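*Asks:* Pasting entry.pdb below, which is PDB, C-alpha atoms and all ligand atoms.
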```pdb
ATOM      1  CA  MET L 184     -70.922  76.708 106.423  1.00  0.00           C
ATOM      2  CA  GLU L 185     -71.077  73.538 108.480  1.00  0.00           C
ATOM      3  CA  LEU L 186     -72.864  70.258 108.103  1.00  0.00           C
ATOM      4  CA  ILE L 187     -74.215  68.513 111.196  1.00  0.00           C
ATOM      5  CA  GLN L 188     -76.823  65.912 112.018  1.00  0.00           C
ATOM      6  CA  SER L 189     -80.005  66.677 113.886  1.00  0.00           C
ATOM      7  CA  GLN L 190     -81.164  64.599 116.834  1.00  0.00           C
ATOM      8  CA  LYS L 191     -83.297  62.679 114.372  1.00  0.00           C
ATOM      9  CA  GLY L 192     -80.314  61.935 112.191  1.00  0.00           C
ATOM     10  CA  LYS L 193     -81.248  64.380 109.453  1.00  0.00           C
ATOM     11  CA  ASP L 194     -78.680  66.489 107.687  1.00  0.00           C
ATOM     12  CA  LEU L 195     -78.599  70.091 108.812  1.00  0.00           C
ATOM     13  CA  LEU L 196     -76.566  72.862 107.283  1.00  0.00           C
ATOM     14  CA  LEU L 197     -75.475  75.787 109.425  1.00  0.00           C
ATOM     15  CA  SER L 198     -74.494  78.995 107.699  1.00  0.00           C
ATOM     16  CA  ASP L 199     -74.297  82.584 108.915  1.00  0.00           C
ATOM     17  CA  GLY L 200     -76.594  81.905 111.851  1.00  0.00           C
ATOM     18  CA  TYR L 201     -79.254  80.172 109.740  1.00  0.00           C
ATOM     19  CA  ARG L 202     -80.166  76.516 109.818  1.00  0.00           C
ATOM     20  CA  TYR L 203     -81.218  74.556 106.758  1.00  0.00           C
ATOM     21  CA  ARG L 204     -82.771  71.176 106.135  1.00  0.00           C
ATOM     22  CA  LYS L 205     -81.813  69.242 103.038  1.00  0.00           C
ATOM     23  CA  ALA L 206     -84.448  69.716 100.382  1.00  0.00           C
ATOM     24  CA  ARG L 207     -83.070  67.819  97.433  1.00  0.00           C
ATOM     25  CA  THR L 208     -80.023  66.786  95.497  1.00  0.00           C
ATOM     26  CA  ASN L 209     -80.196  68.115  91.979  1.00  0.00           C
ATOM     27  CA  THR L 210     -79.305  66.267  88.815  1.00  0.00           C
ATOM     28  CA  ASP L 211     -76.151  68.364  88.401  1.00  0.00           C
ATOM     29  CA  GLY L 212     -74.952  67.242  91.836  1.00  0.00           C
ATOM     30  CA  SER L 213     -75.761  70.513  93.579  1.00  0.00           C
ATOM     31  CA  VAL L 214     -77.795  70.361  96.772  1.00  0.00           C
ATOM     32  CA  SER L 215     -80.763  72.547  97.653  1.00  0.00           C
ATOM     33  CA  TRP L 216     -81.427  73.358 101.288  1.00  0.00           C
ATOM     34  CA  ARG L 217     -84.460  74.978 102.879  1.00  0.00           C
ATOM     35  CA  CYS L 218     -84.476  77.094 106.002  1.00  0.00           C
ATOM     36  CA  ALA L 219     -85.424  75.073 109.084  1.00  0.00           C
ATOM     37  CA  GLU L 220     -87.397  77.950 110.558  1.00  0.00           C
ATOM     38  CA  THR L 221     -91.064  78.028 109.724  1.00  0.00           C
ATOM     39  CA  PRO L 222     -92.674  79.817 108.035  1.00  0.00           C
ATOM     40  CA  CYS L 223     -89.466  81.167 106.501  1.00  0.00           C
ATOM     41  CA  ARG L 224     -88.957  80.141 102.901  1.00  0.00           C
ATOM     42  CA  GLY L 225     -85.256  80.858 102.804  1.00  0.00           C
ATOM     43  CA  ARG L 226     -83.266  78.695 100.438  1.00  0.00           C
ATOM     44  CA  PHE L 227     -79.628  77.856 100.057  1.00  0.00           C
ATOM     45  CA  LYS L 228     -77.968  76.084  97.176  1.00  0.00           C
ATOM     46  CA  VAL L 229     -74.517  74.548  97.148  1.00  0.00           C
ATOM     47  CA  SER L 230     -72.775  73.257  94.057  1.00  0.00           C
ATOM     48  CA  LEU L 231     -71.023  69.940  93.711  1.00  0.00           C
ATOM     49  CA  GLU L 232     -67.768  71.697  94.614  1.00  0.00           C
ATOM     50  CA  ASN L 233     -69.304  72.973  97.869  1.00  0.00           C
ATOM     51  CA  VAL L 234     -69.553  76.492  96.505  1.00  0.00           C
ATOM     52  CA  VAL L 235     -72.597  78.487  97.566  1.00  0.00           C
ATOM     53  CA  VAL L 236     -74.408  79.357  94.371  1.00  0.00           C
ATOM     54  CA  ASN L 237     -77.650  80.813  95.712  1.00  0.00           C
ATOM     55  CA  VAL L 238     -79.010  82.205  98.965  1.00  0.00           C
ATOM     56  CA  THR L 239     -82.451  83.743  99.249  1.00  0.00           C
ATOM     57  CA  ARG L 240     -83.690  86.216 101.826  1.00  0.00           C
ATOM     58  CA  HIS L 241     -84.992  85.084 105.181  1.00  0.00           C
ATOM     59  CA  SER L 242     -88.043  86.436 106.951  1.00  0.00           C
ATOM     60  CA  HIS L 243     -86.196  86.480 110.266  1.00  0.00           C
ATOM     61  CA  ALA L 244     -82.858  87.377 111.818  1.00  0.00           C
ATOM     62  CA  PRO L 245     -80.046  84.823 111.974  1.00  0.00           C
ATOM     63  CA  ASP L 246     -79.495  83.106 115.323  1.00  0.00           C
ATOM     64  CA  PRO L 247     -75.867  81.975 115.660  1.00  0.00           C
ATOM     65  CA  ALA L 248     -76.336  81.067 119.359  1.00  0.00           C
ATOM     66  CA  LYS L 249     -78.991  78.551 118.456  1.00  0.00           C
ATOM     67  CA  ASN L 250     -76.708  77.024 115.854  1.00  0.00           C
ATOM     68  CA  GLU L 251     -73.944  76.651 118.424  1.00  0.00           C
ATOM     69  CA  ALA L 252     -76.396  74.831 120.693  1.00  0.00           C
ATOM     70  CA  LYS L 253     -77.330  72.478 117.865  1.00  0.00           C
ATOM     71  CA  LYS L 254     -73.678  71.793 117.231  1.00  0.00           C
ATOM     72  CA  SER L 255     -72.964  70.835 120.840  1.00  0.00           C
ATOM     73  CA  VAL L 256     -75.932  68.448 120.866  1.00  0.00           C
ATOM     74  CA  SER L 257     -74.571  66.854 117.710  1.00  0.00           C
ATOM     75  CA  ASN L 258     -71.129  66.517 119.283  1.00  0.00           C
ATOM     76  CA  MET L 259     -72.503  64.990 122.465  1.00  0.00           C
ATOM     77  CA  LYS L 260     -74.210  62.285 120.502  1.00  0.00           C
ATOM     78  CA  GLY L 261     -70.890  61.449 118.915  1.00  0.00           C
ATOM     79  CA  GLU L 262     -72.189  61.759 115.409  1.00  0.00           C
ATOM     80  CA  GLN L 263     -69.804  62.693 112.649  1.00  0.00           C
ATOM     81  CA  ARG L 264     -66.957  62.693 115.108  1.00  0.00           C
ATOM     82  CA  THR L 265     -63.561  62.621 113.495  1.00  0.00           C
ATOM     83  CA  PRO L 266     -60.789  60.912 115.412  1.00  0.00           C
ATOM     84  CA  LEU L 267     -57.936  63.108 116.509  1.00  0.00           C
ATOM     85  CA  ARG L 268     -54.849  62.540 114.499  1.00  0.00           C
ATOM     86  CA  ASN L 269     -51.379  62.672 115.908  1.00  0.00           C
ATOM     87  CA  GLN L 270     -49.411  65.518 114.470  1.00  0.00           C
ATOM     88  CA  GLY L 271     -45.894  64.402 113.660  1.00  0.00           C
ATOM     89  CA  SER L 272     -44.561  61.211 115.110  1.00  0.00           C
TER      90      SER L 272
HETATM   91 ZN    ZN V   1     -84.953  81.465 107.329  1.00  0.00          ZN
END
```
What's the structure tokens form of this structure?

*Replies:*
Amino acid sequence: MELIQSQKGKDLLLSDGYRYRKARTNTDGSVSWRCAETPCRGRFKVSLENVVVNVTRHSHAPDPAKNEAKKSVSNMKGEQRTPLRNQGS
């Protein structure tokens, strides 16, 4: 499970070769995601503790290669980049 930003700056969740768009944040702090592929109605729900609480079936096969491509685009744009830390001194 990995969180990235789309080219439009939207949150995207990558998991098991599927891509999800953020649907809503629930009152209990959990977050609902919807599959980014249309017309798939796949859903994904993550609790406040980042535990996956619900995944529905997809109408298509997962596509990990596509997710890797999305990730590299996100990295190129420099979004959500974490600075390298020196290990030790
Ligand atoms: Zn789907």

*Asks:* Mind pulling up the distance from CA of Thr210 in chain L to CA of Ser198 in chain L?

*Replies:*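 CA of Thr210 in chain L lies 23.3 Å from CA of Ser198 in chain L.
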
*Asks:* May I ask you to write as a VMD selection string all residues lying at most 7 Å from ligand ZN 1 (chain V), with all atoms listed in the file counted?

*Replies:* chain L and resid 201 218 to 220 223 to 225 241 to 243

*Asks:* When the PyMOL selection byres (((chain L and resi 204) around 6) and not hetatm) is applied to the file above, which residues end up in the set, as a PyMOL selection string?

*Replies:* chain L and resi 195+203+205+216-217+219

*Asks:* Counting only C-alpha atoms, which of L:Ser213, L:Lys249, L:Arg240, L:Val256 gets nearest to Leu197 in chain L?

*Replies:*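 Among L:Ser213, L:Lys249, L:Arg240, L:Val256, it is L:Lys249 that comes nearest to Leu197 in chain L.
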
*Asks:* In Å, rounded to a single decimal, give me how far CA of Ala248 in chain L is from CA of Ser230 in chain L.

*Replies:*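 It comes out at 26.7 Å.
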
*Asks:* What is the distance, in Å and to one decimal place, between CA of Lys253 in chain L and CA of Ser189 in chain L?

*Replies:*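 Here the two named atoms are 7.5 Å from each other.
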
*Asks:* Specify the axis-aligned box that encloses all atoms of range 193-202 of chain L listed in the file after padding of 4 Å on each side, stating its centre and edge lengths in Å to one decimal as JSON.

*Replies:*
```
{"center_x": -77.8, "center_y": 73.5, "center_z": 109.6, "size_x": 15.0, "size_y": 26.2, "size_z": 12.6}
```

*Asks:* Which residues are near Asp246 in chain L? Cut-off 9 Å, all atoms listed in the file, ignore same chain within fewer than 5 positions. Put them as number ranges by chain.

*Replies:* L: 199-202

*Asks:* Write out as a list of chain:residue names the residues lying within 10 Å of Gly212 in chain L, counting all atoms listed in the file and excluding same-chain residues fewer than 6 positions away.

*Replies:* L:Val229, L:Ser230, L:Leu231, L:Glu232

*Asks:* Between L:Ala252, L:Ala244, L:Arg207, L:Gly192, which one has atoms that come closest to Phe227 in chain L, using only C-alpha atoms?

*Replies:*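 Closest residue, counting only C-alpha atoms: L:Arg207.
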
*Asks:* Using only C-alpha atoms, pick whichever of L:Ala206, L:Val235, L:Pro222, L:Asn258 has the shortest atom-to-atom distance to Met184 in chain L.

*Replies:*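 Closest to Met184 in chain L of all the choices is L:Val235.
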
*Asks:* Because the input lacks atoms here, generate N, CA and C atoms for range 232-253 of chain L and report them as a CSV table (one decimal), keeping the file's coordinate frame.

*Replies:*
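Everything below was put into selection_17.csv:
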```
chain,number,residue,atom,x,y,z
L,232,GLU,N,-69.1,71.4,94.1
L,232,GLU,CA,-67.8,71.7,94.6
L,232,GLU,C,-67.9,72.4,96.0
L,233,ASN,N,-69.1,72.3,96.6
L,233,ASN,CA,-69.3,73.0,97.9
L,233,ASN,C,-69.2,74.5,97.8
L,234,VAL,N,-69.5,75.0,96.7
L,234,VAL,CA,-69.6,76.5,96.5
L,234,VAL,C,-71.0,76.9,96.6
L,235,VAL,N,-71.2,78.0,97.4
L,235,VAL,CA,-72.6,78.5,97.6
L,235,VAL,C,-73.0,79.2,96.3
L,236,VAL,N,-74.0,78.7,95.6
L,236,VAL,CA,-74.4,79.4,94.4
L,236,VAL,C,-75.6,80.2,94.5
L,237,ASN,N,-76.4,80.0,95.6
L,237,ASN,CA,-77.6,80.8,95.7
L,237,ASN,C,-78.1,80.9,97.2
L,238,VAL,N,-78.4,82.1,97.6
L,238,VAL,CA,-79.0,82.2,99.0
L,238,VAL,C,-80.2,83.2,98.8
L,239,THR,N,-81.3,82.8,99.3
L,239,THR,CA,-82.5,83.7,99.2
L,239,THR,C,-82.6,84.5,100.6
L,240,ARG,N,-83.5,85.4,100.6
L,240,ARG,CA,-83.7,86.2,101.8
L,240,ARG,C,-84.5,85.4,102.8
L,241,HIS,N,-84.2,85.7,104.1
L,241,HIS,CA,-85.0,85.1,105.2
L,241,HIS,C,-86.0,86.1,105.8
L,242,SER,N,-87.0,85.6,106.4
L,242,SER,CA,-88.0,86.4,107.0
L,242,SER,C,-87.8,86.7,108.4
L,243,HIS,N,-86.6,86.3,108.9
L,243,HIS,CA,-86.2,86.5,110.3
L,243,HIS,C,-84.7,86.7,110.4
L,244,ALA,N,-84.3,87.1,111.6
L,244,ALA,CA,-82.9,87.4,111.8
L,244,ALA,C,-82.1,86.1,112.0
L,245,PRO,N,-80.8,86.0,111.7
L,245,PRO,CA,-80.0,84.8,112.0
L,245,PRO,C,-79.9,84.6,113.5
L,246,ASP,N,-79.6,83.4,113.9
L,246,ASP,CA,-79.5,83.1,115.3
L,246,ASP,C,-78.3,82.2,115.6
L,247,PRO,N,-77.1,82.8,115.5
L,247,PRO,CA,-75.9,82.0,115.7
L,247,PRO,C,-75.8,81.2,117.0
L,248,ALA,N,-76.4,81.7,118.1
L,248,ALA,CA,-76.3,81.1,119.4
L,248,ALA,C,-77.1,79.7,119.3
L,249,LYS,N,-78.2,79.8,118.6
L,249,LYS,CA,-79.0,78.6,118.5
L,249,LYS,C,-78.2,77.5,117.7
L,250,ASN,N,-77.5,77.9,116.7
L,250,ASN,CA,-76.7,77.0,115.9
L,250,ASN,C,-75.6,76.4,116.7
L,251,GLU,N,-75.0,77.2,117.6
L,251,GLU,CA,-73.9,76.7,118.4
L,251,GLU,C,-74.5,75.6,119.3
L,252,ALA,N,-75.7,75.8,119.8
L,252,ALA,CA,-76.4,74.8,120.7
L,252,ALA,C,-76.6,73.5,119.9
L,253,LYS,N,-77.1,73.7,118.7
L,253,LYS,CA,-77.3,72.5,117.9
L,253,LYS,C,-76.0,71.7,117.7
```
